[in-house]
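With mmCIF, C-alpha atoms and all ligand atoms inside, this is structure_5.cif:
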data_data
#
loop_
_atom_site.label_atom_id
_atom_site.label_comp_id
_atom_site.auth_asym_id
_atom_site.auth_seq_id
_atom_site.Cartn_x
_atom_site.Cartn_y
_atom_site.Cartn_z
CA MET A 2 -61.28 62.92 34.10
CA PRO A 3 -62.67 66.35 34.92
CA GLY A 4 -62.66 68.92 32.14
CA ASN A 5 -62.76 66.38 29.31
CA PRO A 6 -65.40 67.80 26.96
CA VAL A 7 -66.28 64.51 25.30
CA LEU A 8 -66.70 62.63 28.58
CA ASP A 9 -68.63 65.56 30.04
CA ALA A 10 -70.99 65.65 27.07
CA ILE A 11 -71.60 61.90 27.29
CA ARG A 12 -72.28 62.15 31.01
CA HIS A 13 -74.49 65.25 30.94
CA ARG A 14 -76.52 64.81 27.75
CA ARG A 15 -80.15 64.12 28.57
CA SER A 16 -83.18 63.51 26.41
CA ILE A 17 -85.11 66.74 25.96
CA ARG A 18 -88.77 66.50 24.98
CA LYS A 19 -89.90 70.09 25.55
CA PHE A 20 -88.69 72.90 23.32
CA THR A 21 -89.12 76.67 23.22
CA ASP A 22 -90.57 78.41 20.16
CA GLN A 23 -87.09 79.55 19.15
CA ASP A 24 -85.65 78.20 15.94
CA VAL A 25 -82.50 76.21 15.38
CA SER A 26 -80.28 77.69 12.68
CA ARG A 27 -79.38 75.92 9.48
CA ARG A 28 -75.74 76.13 10.60
CA GLU A 29 -76.52 74.29 13.84
CA VAL A 30 -78.50 71.60 12.03
CA LYS A 31 -75.62 71.18 9.59
CA ALA A 32 -73.20 70.72 12.50
CA VAL A 33 -75.44 67.98 13.92
CA LEU A 34 -75.68 66.28 10.53
CA GLU A 35 -71.89 66.44 10.16
CA ALA A 36 -71.46 64.75 13.53
CA GLY A 37 -73.68 61.95 12.25
CA ARG A 38 -71.78 61.69 9.00
CA TRP A 39 -68.54 61.00 10.90
CA ALA A 40 -69.94 58.03 12.80
CA PRO A 41 -68.17 54.70 12.32
CA SER A 42 -69.70 51.97 10.16
CA GLY A 43 -68.77 48.41 9.21
CA LEU A 44 -66.50 48.47 6.14
CA ASN A 45 -67.07 52.23 6.29
CA ASN A 46 -70.14 51.63 4.11
CA GLN A 47 -72.10 54.58 5.58
CA PRO A 48 -75.54 53.10 4.81
CA TRP A 49 -77.41 55.96 6.50
CA ARG A 50 -79.46 58.67 4.83
CA PHE A 51 -80.90 61.81 6.44
CA LEU A 52 -83.95 63.98 5.92
CA VAL A 53 -84.40 67.31 7.70
CA ILE A 54 -87.87 68.71 8.36
CA ARG A 55 -87.95 72.28 9.62
CA ARG A 56 -90.78 73.91 11.58
CA GLY A 57 -93.56 75.03 9.25
CA ASP A 58 -93.08 72.12 6.88
CA PRO A 59 -96.41 70.22 6.62
CA ARG A 60 -94.47 66.95 6.83
CA GLN A 61 -93.91 67.66 10.54
CA ALA A 62 -97.59 67.07 11.27
CA ALA A 63 -97.61 63.98 9.07
CA VAL A 64 -94.75 62.47 11.09
CA ALA A 65 -96.38 63.54 14.38
CA GLY A 66 -99.49 61.59 13.44
CA LEU A 67 -97.53 58.35 13.23
CA THR A 68 -96.18 58.13 16.77
CA LYS A 69 -97.51 58.33 20.28
CA TYR A 70 -94.75 60.91 20.81
CA GLY A 71 -96.50 63.23 18.36
CA HIS A 72 -96.58 66.00 20.98
CA VAL A 73 -92.75 65.95 21.02
CA VAL A 74 -92.54 65.93 17.22
CA GLU A 75 -94.98 68.84 16.92
CA ARG A 76 -93.04 71.06 19.31
CA ALA A 77 -89.61 70.42 17.80
CA ALA A 78 -87.92 73.18 15.82
CA THR A 79 -86.37 70.60 13.51
CA LEU A 80 -86.66 66.89 12.91
CA ILE A 81 -83.82 64.78 11.62
CA CYS A 82 -85.13 61.53 10.18
CA VAL A 83 -82.44 58.86 10.01
CA PHE A 84 -82.82 55.98 7.54
CA LEU A 85 -80.82 53.02 6.37
CA ASP A 86 -80.60 52.55 2.64
CA LYS A 87 -81.49 48.86 2.35
CA ASP A 88 -79.58 48.68 -0.93
CA ALA A 89 -76.40 49.75 0.90
CA VAL A 90 -76.72 47.23 3.75
CA TYR A 91 -74.03 44.54 3.90
CA SER A 92 -74.81 43.09 7.33
CA PRO A 93 -78.17 43.91 8.91
CA MET A 94 -76.91 43.77 12.48
CA LYS A 95 -73.79 45.81 11.86
CA ASP A 96 -75.58 48.37 9.73
CA HIS A 97 -78.26 48.87 12.38
CA GLN A 98 -75.53 49.26 14.98
CA SER A 99 -73.90 51.95 12.86
CA ALA A 100 -77.23 53.78 12.62
CA GLY A 101 -77.18 53.86 16.43
CA ALA A 102 -73.71 55.39 16.33
CA VAL A 103 -74.96 58.08 13.95
CA ILE A 104 -77.86 58.93 16.20
CA GLN A 105 -75.75 59.08 19.35
CA ASN A 106 -73.20 61.31 17.57
CA MET A 107 -76.04 63.62 16.61
CA LEU A 108 -77.43 63.72 20.15
CA LEU A 109 -74.01 64.56 21.56
CA ALA A 110 -73.45 67.23 18.93
CA ALA A 111 -76.82 68.79 19.75
CA HIS A 112 -75.96 68.78 23.44
CA SER A 113 -72.58 70.39 22.76
CA LEU A 114 -74.39 73.20 20.90
CA ASP A 115 -76.76 73.76 23.87
CA LEU A 116 -79.64 72.34 21.86
CA GLY A 117 -82.12 69.85 23.22
CA ALA A 118 -82.76 66.57 21.44
CA VAL A 119 -84.40 63.21 21.87
CA TRP A 120 -84.04 59.94 20.01
CA LEU A 121 -87.56 58.89 18.97
CA GLY A 122 -87.57 55.18 18.33
CA GLU A 123 -91.20 54.23 18.92
CA ILE A 124 -92.00 55.71 15.53
CA VAL A 125 -90.13 52.90 13.75
CA ASN A 126 -93.13 50.68 14.59
CA ARG A 127 -94.77 52.59 11.75
CA GLY A 128 -91.59 53.17 9.78
CA ASP A 129 -93.05 52.04 6.45
CA GLU A 130 -95.92 54.49 6.86
CA VAL A 131 -93.44 57.26 7.63
CA VAL A 132 -91.51 56.46 4.46
CA ARG A 133 -94.74 56.58 2.45
CA ALA A 134 -95.99 59.77 4.12
CA LEU A 135 -92.70 61.45 3.28
CA ASP A 136 -92.94 60.22 -0.31
CA LEU A 137 -89.57 58.48 -0.07
CA PRO A 138 -88.45 55.30 -1.85
CA ASP A 139 -89.27 52.02 -0.11
CA THR A 140 -85.56 51.15 -0.16
CA LEU A 141 -85.28 53.34 2.94
CA GLU A 142 -85.85 51.91 6.42
CA LEU A 143 -86.56 54.39 9.21
CA GLN A 144 -84.14 54.09 12.14
CA ALA A 145 -85.27 57.00 14.29
CA VAL A 146 -86.47 60.56 14.27
CA ILE A 147 -84.40 63.03 16.27
CA ALA A 148 -86.50 65.91 17.60
CA LEU A 149 -84.34 68.99 18.00
CA GLY A 150 -84.92 72.41 19.47
CA ARG A 151 -83.96 74.90 22.14
CA PRO A 152 -84.46 73.12 25.45
CA ASP A 153 -87.40 74.11 27.64
CA GLN A 154 -86.62 71.57 30.36
CA LYS A 155 -83.56 70.16 32.06
CA GLY A 156 -84.13 66.47 31.54
CA SER A 157 -83.13 63.79 33.99
CA SER A 158 -82.44 60.10 34.02
CA LYS A 159 -80.58 57.47 35.99
CA ARG A 160 -78.28 54.59 35.20
CA LYS A 161 -77.60 51.21 36.73
CA GLU A 162 -74.40 51.09 38.75
CA LEU A 163 -71.36 49.98 36.77
CA GLY A 164 -70.96 47.04 39.12
CA ASP A 165 -74.41 45.77 38.12
CA LEU A 166 -73.35 45.73 34.46
CA MET A 167 -69.99 44.01 34.82
CA LEU A 168 -69.88 40.27 34.23
CA GLU A 169 -66.89 39.95 36.50
CA ASP A 170 -65.06 42.21 38.97
CA PHE A 171 -62.97 44.91 37.37
C1 LIG B 201 -83.52 53.00 20.72
C2 LIG B 201 -84.11 54.14 21.49
C3 LIG B 201 -85.43 54.46 21.31
C4 LIG B 201 -86.00 55.54 22.01
N1 LIG B 201 -87.29 55.90 21.73
C5 LIG B 201 -87.84 56.93 22.38
C6 LIG B 201 -89.15 57.36 22.04
O1 LIG B 201 -89.80 56.84 21.14
N2 LIG B 201 -89.69 58.40 22.74
C7 LIG B 201 -88.96 59.05 23.71
O2 LIG B 201 -89.51 60.00 24.29
N3 LIG B 201 -87.71 58.67 24.04
C8 LIG B 201 -87.13 57.65 23.39
N4 LIG B 201 -85.83 57.29 23.67
C9 LIG B 201 -85.07 58.02 24.70
C10 LIG B 201 -84.93 57.21 25.98
O3 LIG B 201 -86.17 57.17 26.65
C11 LIG B 201 -83.83 57.83 26.86
O4 LIG B 201 -82.61 57.84 26.16
C12 LIG B 201 -83.64 57.05 28.17
O5 LIG B 201 -84.82 57.14 28.97
C13 LIG B 201 -82.48 57.60 28.99
O6 LIG B 201 -82.66 59.00 29.23
P1 LIG B 201 -81.56 60.07 28.78
O7 LIG B 201 -81.45 60.01 27.29
O8 LIG B 201 -82.08 61.39 29.25
O9 LIG B 201 -80.27 59.71 29.46
C14 LIG B 201 -85.23 56.26 22.96
C15 LIG B 201 -83.89 55.93 23.14
C16 LIG B 201 -83.33 54.90 22.40
C17 LIG B 201 -81.85 54.62 22.56
#
Can the structure from this file be put into structure tokens for me?
Amino acid sequence: MPGNPVLDAIRHRRSIRKFTDQDVSRREVKAVLEAGRWAPSGLNNQPWRFLVIRRGDPRQAAVAGLTKYGHVVERAATLICVFLDKDAVYSPMKDHQSAGAVIQNMLLAAHSLDLGAVWLGEIVNRGDEVVRALDLPDTLELQAVIALGRPDQKGSSKRKELGDLMLEDF
């Protein structure tokens, strides 16, 4: 379906891990957050919570120190930390799935705004430490950090063929 902006964005979005020194505006960050807010969730319970860390905030270095992708975190113009509020969870699997929908919405929104972004998941291995370093309540569970900025690389990746994913011929 050529010319379909949603399908094009899904197809052409790539993880971007190198950013220029240019900033991302508050308006652009808000648009990305709004895209996350409109993600679907089971029972529409919206168990996600967001924290934005802009360049120059000392918390950026604190977060960078808690992941092997610290070099990506340090170079980002903005970080969006996505949490689940454990008190709002009604079904762990479904609530974690909805966090994934939030993050993908945000990545697609960033792409549509010509921003670069990457979903940083390795950092959840030290999620509790991130929550403590950010001085947040322990009712929050880190889902991912999205590093956001003006892209300084193209990004590339591949996918398995559809036929290799199908359980029967389609
Ligand atoms: C759950 C999850 C965790 C990820 N964690 C990281 C990460 O910690 N560091 C990183 O550089 N990329 C991370 N990624 C990005 C993937 O490496 C990337 O999406 C994949 O290689 C496909 O590339 P593409 O996004 O450019 O299509 C993560 C992606 C997902 C969905």
Which is closer to Arg38 of chain A than all the others in A:Leu116, A:Ala148, A:Leu135, A:Met107, using only C-alpha atoms?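 When distances to Arg38 of chain A are compared using only C-alpha atoms, the smallest one comes from A:Met107.
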Given 8 Å and all atoms listed in the file, residues near ligand LIG 201 (chain B) as an mmCIF file with C-alpha atoms, in the coordinates of the input:
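Result file out_35.cif:
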data_model
loop_
_atom_site.group_PDB
_atom_site.id
_atom_site.type_symbol
_atom_site.label_atom_id
_atom_site.label_comp_id
_atom_site.auth_asym_id
_atom_site.auth_seq_id
_atom_site.Cartn_x
_atom_site.Cartn_y
_atom_site.Cartn_z
ATOM 1 C CA ARG A 14 -76.520 64.810 27.750
ATOM 2 C CA ARG A 15 -80.150 64.120 28.570
ATOM 3 C CA SER A 16 -83.180 63.510 26.410
ATOM 4 C CA ILE A 17 -85.110 66.740 25.960
ATOM 5 C CA ARG A 18 -88.770 66.500 24.980
ATOM 6 C CA THR A 68 -96.180 58.130 16.770
ATOM 7 C CA LYS A 69 -97.510 58.330 20.280
ATOM 8 C CA TYR A 70 -94.750 60.910 20.810
ATOM 9 C CA VAL A 73 -92.750 65.950 21.020
ATOM 10 C CA GLY A 101 -77.180 53.860 16.430
ATOM 11 C CA VAL A 119 -84.400 63.210 21.870
ATOM 12 C CA TRP A 120 -84.040 59.940 20.010
ATOM 13 C CA LEU A 121 -87.560 58.890 18.970
ATOM 14 C CA GLY A 122 -87.570 55.180 18.330
ATOM 15 C CA GLU A 123 -91.200 54.230 18.920
ATOM 16 C CA ILE A 124 -92.000 55.710 15.530
ATOM 17 C CA ALA A 145 -85.270 57.000 14.290
ATOM 18 C CA GLY A 156 -84.130 66.470 31.540
ATOM 19 C CA SER A 157 -83.130 63.790 33.990
ATOM 20 C CA SER A 158 -82.440 60.100 34.020
ATOM 21 C CA LYS A 159 -80.580 57.470 35.990
ATOM 22 C CA ARG A 160 -78.280 54.590 35.200
#
Determine the nearest neighbour of Gly128 of chain A from the options A:Ile147, A:Ala102, A:Cys82, A:Val33, counting all atoms listed in the file.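 Using all atoms listed in the file, Gly128 of chain A sits closest to A:Cys82.
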Counting all atoms listed in the file, the residue of A:Val25, A:Val7, A:Val146, A:Leu52 that sits nearest Leu67 of chain A: A:Val146
Gap from atom CA of Gln144 of chain A to atom CA of Arg127 of chain A - Å, one decimal: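 Spanning atom CA of Gln144 of chain A to atom CA of Arg127 of chain A is a straight-line distance of 10.7 Å.
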Need to verify the contact set: Ala65 of chain A, 7 Å, all atoms listed in the file, exclusion of same-chain residues closer than 5 positions in sequence. Can you return it as an NGL selection string? :A and (71 or 74-75)
Selected residues written out, C-alpha atoms, as a PDB file, in the frame of the given file:
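So the final result, stored in out-v9.pdb, reads:
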ATOM      1  CA  GLY A  71     -96.500  63.230  18.360  1.00  0.00           C
ATOM      2  CA  VAL A  74     -92.540  65.930  17.220  1.00  0.00           C
ATOM      3  CA  GLU A  75     -94.980  68.840  16.920  1.00  0.00           C
TER       4      GLU A  75
END
Using all atoms listed in the file, which residues sit within 9 Å of Ala111 of chain A once same-chain residues fewer than 2 positions away are excluded, as a list in words?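 Residues near the query, excluding close chain neighbours: Arg14, Glu29, Val30, Ala32, Val33, Asn106, Met107, Leu108, Leu109, Ser113, Leu114, Asp115, Leu116, Gly117, Ala118, Leu149 and Gly150 of chain A.
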Restricting the calculation to all atoms listed in the file: of A:Lys155, A:Leu137, A:Glu35, A:Asp58, which residue gets closest to His13 of chain A?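 Selected residue with least distance to His13 of chain A: A:Lys155.
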Contacts of Leu85 of chain A at 7 Å (only C-alpha atoms; same-chain gap of 6+ positions) as a VMD selection string: chain A and resid 48 to 50 141 to 144
For the residues in that selection, give me C-alpha atoms as a PDB file, in the coordinates of the input.
ATOM      1  CA  PRO A  48     -75.540  53.100   4.810  1.00  0.00           C
ATOM      2  CA  TRP A  49     -77.410  55.960   6.500  1.00  0.00           C
ATOM      3  CA  ARG A  50     -79.460  58.670   4.830  1.00  0.00           C
ATOM      4  CA  LEU A 141     -85.280  53.340   2.940  1.00  0.00           C
ATOM      5  CA  GLU A 142     -85.850  51.910   6.420  1.00  0.00           C
ATOM      6  CA  LEU A 143     -86.560  54.390   9.210  1.00  0.00           C
ATOM      7  CA  GLN A 144     -84.140  54.090  12.140  1.00  0.00           C
TER       8      GLN A 144
END
Choose the residue, out of A:Pro41, A:Asn46, A:Ala78, A:Arg60, that has the smallest atom-to-atom separation from Val103 of chain A; count all atoms listed in the file. A:Pro41
One decimal, in Å: what's the spacing between atom CA of Leu80 of chain A and atom CA of Ile54 of chain A?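 Between atom CA of Leu80 of chain A and atom CA of Ile54 of chain A the gap works out to 5.0 Å.
Distances to Arg133 of chain A were evaluated for A:Leu44, A:Ala63, A:Ala100, A:Ile11 using all atoms listed in the file, and the minimum falls at A:Ala63.
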Just how far from atom CA of Val90 of chain A is atom CA of Ala36 of chain A, in Å to one decimal?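 Calculated distance between atom CA of Ala36 of chain A and atom CA of Val90 of chain A is 20.7 Å.
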Extending 6 Å beyond the listed atoms of segment 134-140 of chain A on each side, what axis-aligned box results? I want centre and edge lengths in Å to one decimal, as JSON.
{"center_x": -90.8, "center_y": 56.3, "center_z": 1.1, "size_x": 22.4, "size_y": 22.3, "size_z": 18.0}
Would you mind putting N, CA, C and O atoms back on segment 37-54 of chain A and writing the result as a PDB file, keeping the file's coordinate frame?
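Written output follows (selection-v1.pdb):
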ATOM      1  N   GLY A  37     -73.162  63.255  12.650  1.00  0.00           N
ATOM      2  CA  GLY A  37     -73.680  61.950  12.250  1.00  0.00           C
ATOM      3  C   GLY A  37     -72.858  61.341  11.127  1.00  0.00           C
ATOM      4  O   GLY A  37     -72.516  60.153  11.152  1.00  0.00           O
ATOM      5  N   ARG A  38     -72.515  62.163  10.181  1.00  0.00           N
ATOM      6  CA  ARG A  38     -71.780  61.690   9.000  1.00  0.00           C
ATOM      7  C   ARG A  38     -70.445  61.054   9.388  1.00  0.00           C
ATOM      8  O   ARG A  38     -69.956  60.159   8.701  1.00  0.00           O
ATOM      9  N   TRP A  39     -69.856  61.516  10.506  1.00  0.00           N
ATOM     10  CA  TRP A  39     -68.540  61.000  10.900  1.00  0.00           C
ATOM     11  C   TRP A  39     -68.627  59.814  11.855  1.00  0.00           C
ATOM     12  O   TRP A  39     -67.619  59.398  12.436  1.00  0.00           O
ATOM     13  N   ALA A  40     -69.808  59.244  11.983  1.00  0.00           N
ATOM     14  CA  ALA A  40     -69.940  58.030  12.800  1.00  0.00           C
ATOM     15  C   ALA A  40     -69.208  56.867  12.122  1.00  0.00           C
ATOM     16  O   ALA A  40     -69.042  56.851  10.900  1.00  0.00           O
ATOM     17  N   PRO A  41     -68.791  55.899  12.922  1.00  0.00           N
ATOM     18  CA  PRO A  41     -68.170  54.700  12.320  1.00  0.00           C
ATOM     19  C   PRO A  41     -69.225  53.792  11.699  1.00  0.00           C
ATOM     20  O   PRO A  41     -70.388  53.809  12.106  1.00  0.00           O
ATOM     21  N   SER A  42     -68.800  52.994  10.710  1.00  0.00           N
ATOM     22  CA  SER A  42     -69.700  51.970  10.160  1.00  0.00           C
ATOM     23  C   SER A  42     -68.860  50.799   9.670  1.00  0.00           C
ATOM     24  O   SER A  42     -67.694  50.979   9.287  1.00  0.00           O
ATOM     25  N   GLY A  43     -69.463  49.609   9.685  1.00  0.00           N
ATOM     26  CA  GLY A  43     -68.770  48.410   9.210  1.00  0.00           C
ATOM     27  C   GLY A  43     -68.330  48.601   7.765  1.00  0.00           C
ATOM     28  O   GLY A  43     -69.115  49.071   6.924  1.00  0.00           O
ATOM     29  N   LEU A  44     -67.085  48.286   7.482  1.00  0.00           N
ATOM     30  CA  LEU A  44     -66.500  48.470   6.140  1.00  0.00           C
ATOM     31  C   LEU A  44     -66.596  49.926   5.669  1.00  0.00           C
ATOM     32  O   LEU A  44     -66.480  50.202   4.490  1.00  0.00           O
ATOM     33  N   ASN A  45     -66.880  50.801   6.607  1.00  0.00           N
ATOM     34  CA  ASN A  45     -67.070  52.230   6.290  1.00  0.00           C
ATOM     35  C   ASN A  45     -68.116  52.402   5.174  1.00  0.00           C
ATOM     36  O   ASN A  45     -67.973  53.250   4.292  1.00  0.00           O
ATOM     37  N   ASN A  46     -69.183  51.593   5.236  1.00  0.00           N
ATOM     38  CA  ASN A  46     -70.140  51.630   4.110  1.00  0.00           C
ATOM     39  C   ASN A  46     -71.198  52.733   4.246  1.00  0.00           C
ATOM     40  O   ASN A  46     -71.936  52.979   3.296  1.00  0.00           O
ATOM     41  N   GLN A  47     -71.268  53.367   5.421  1.00  0.00           N
ATOM     42  CA  GLN A  47     -72.100  54.580   5.580  1.00  0.00           C
ATOM     43  C   GLN A  47     -73.493  54.413   4.959  1.00  0.00           C
ATOM     44  O   GLN A  47     -73.878  55.174   4.074  1.00  0.00           O
ATOM     45  N   PRO A  48     -74.256  53.415   5.454  1.00  0.00           N
ATOM     46  CA  PRO A  48     -75.540  53.100   4.810  1.00  0.00           C
ATOM     47  C   PRO A  48     -76.672  54.043   5.200  1.00  0.00           C
ATOM     48  O   PRO A  48     -77.805  53.840   4.806  1.00  0.00           O
ATOM     49  N   TRP A  49     -76.385  55.059   5.983  1.00  0.00           N
ATOM     50  CA  TRP A  49     -77.410  55.960   6.500  1.00  0.00           C
ATOM     51  C   TRP A  49     -77.758  57.052   5.523  1.00  0.00           C
ATOM     52  O   TRP A  49     -76.947  57.481   4.702  1.00  0.00           O
ATOM     53  N   ARG A  50     -78.991  57.517   5.626  1.00  0.00           N
ATOM     54  CA  ARG A  50     -79.460  58.670   4.830  1.00  0.00           C
ATOM     55  C   ARG A  50     -80.276  59.551   5.775  1.00  0.00           C
ATOM     56  O   ARG A  50     -80.926  59.044   6.689  1.00  0.00           O
ATOM     57  N   PHE A  51     -80.264  60.853   5.523  1.00  0.00           N
ATOM     58  CA  PHE A  51     -80.900  61.810   6.440  1.00  0.00           C
ATOM     59  C   PHE A  51     -81.928  62.662   5.717  1.00  0.00           C
ATOM     60  O   PHE A  51     -81.731  63.034   4.562  1.00  0.00           O
ATOM     61  N   LEU A  52     -82.984  63.006   6.430  1.00  0.00           N
ATOM     62  CA  LEU A  52     -83.950  63.980   5.920  1.00  0.00           C
ATOM     63  C   LEU A  52     -84.247  64.973   7.046  1.00  0.00           C
ATOM     64  O   LEU A  52     -84.557  64.568   8.171  1.00  0.00           O
ATOM     65  N   VAL A  53     -84.146  66.257   6.711  1.00  0.00           N
ATOM     66  CA  VAL A  53     -84.400  67.310   7.700  1.00  0.00           C
ATOM     67  C   VAL A  53     -85.768  67.921   7.426  1.00  0.00           C
ATOM     68  O   VAL A  53     -86.086  68.273   6.281  1.00  0.00           O
ATOM     69  N   ILE A  54     -86.564  68.055   8.464  1.00  0.00           N
ATOM     70  CA  ILE A  54     -87.870  68.710   8.360  1.00  0.00           C
ATOM     71  C   ILE A  54     -87.862  69.890   9.327  1.00  0.00           C
ATOM     72  O   ILE A  54     -87.706  69.694  10.543  1.00  0.00           O
TER      73      ILE A  54
END
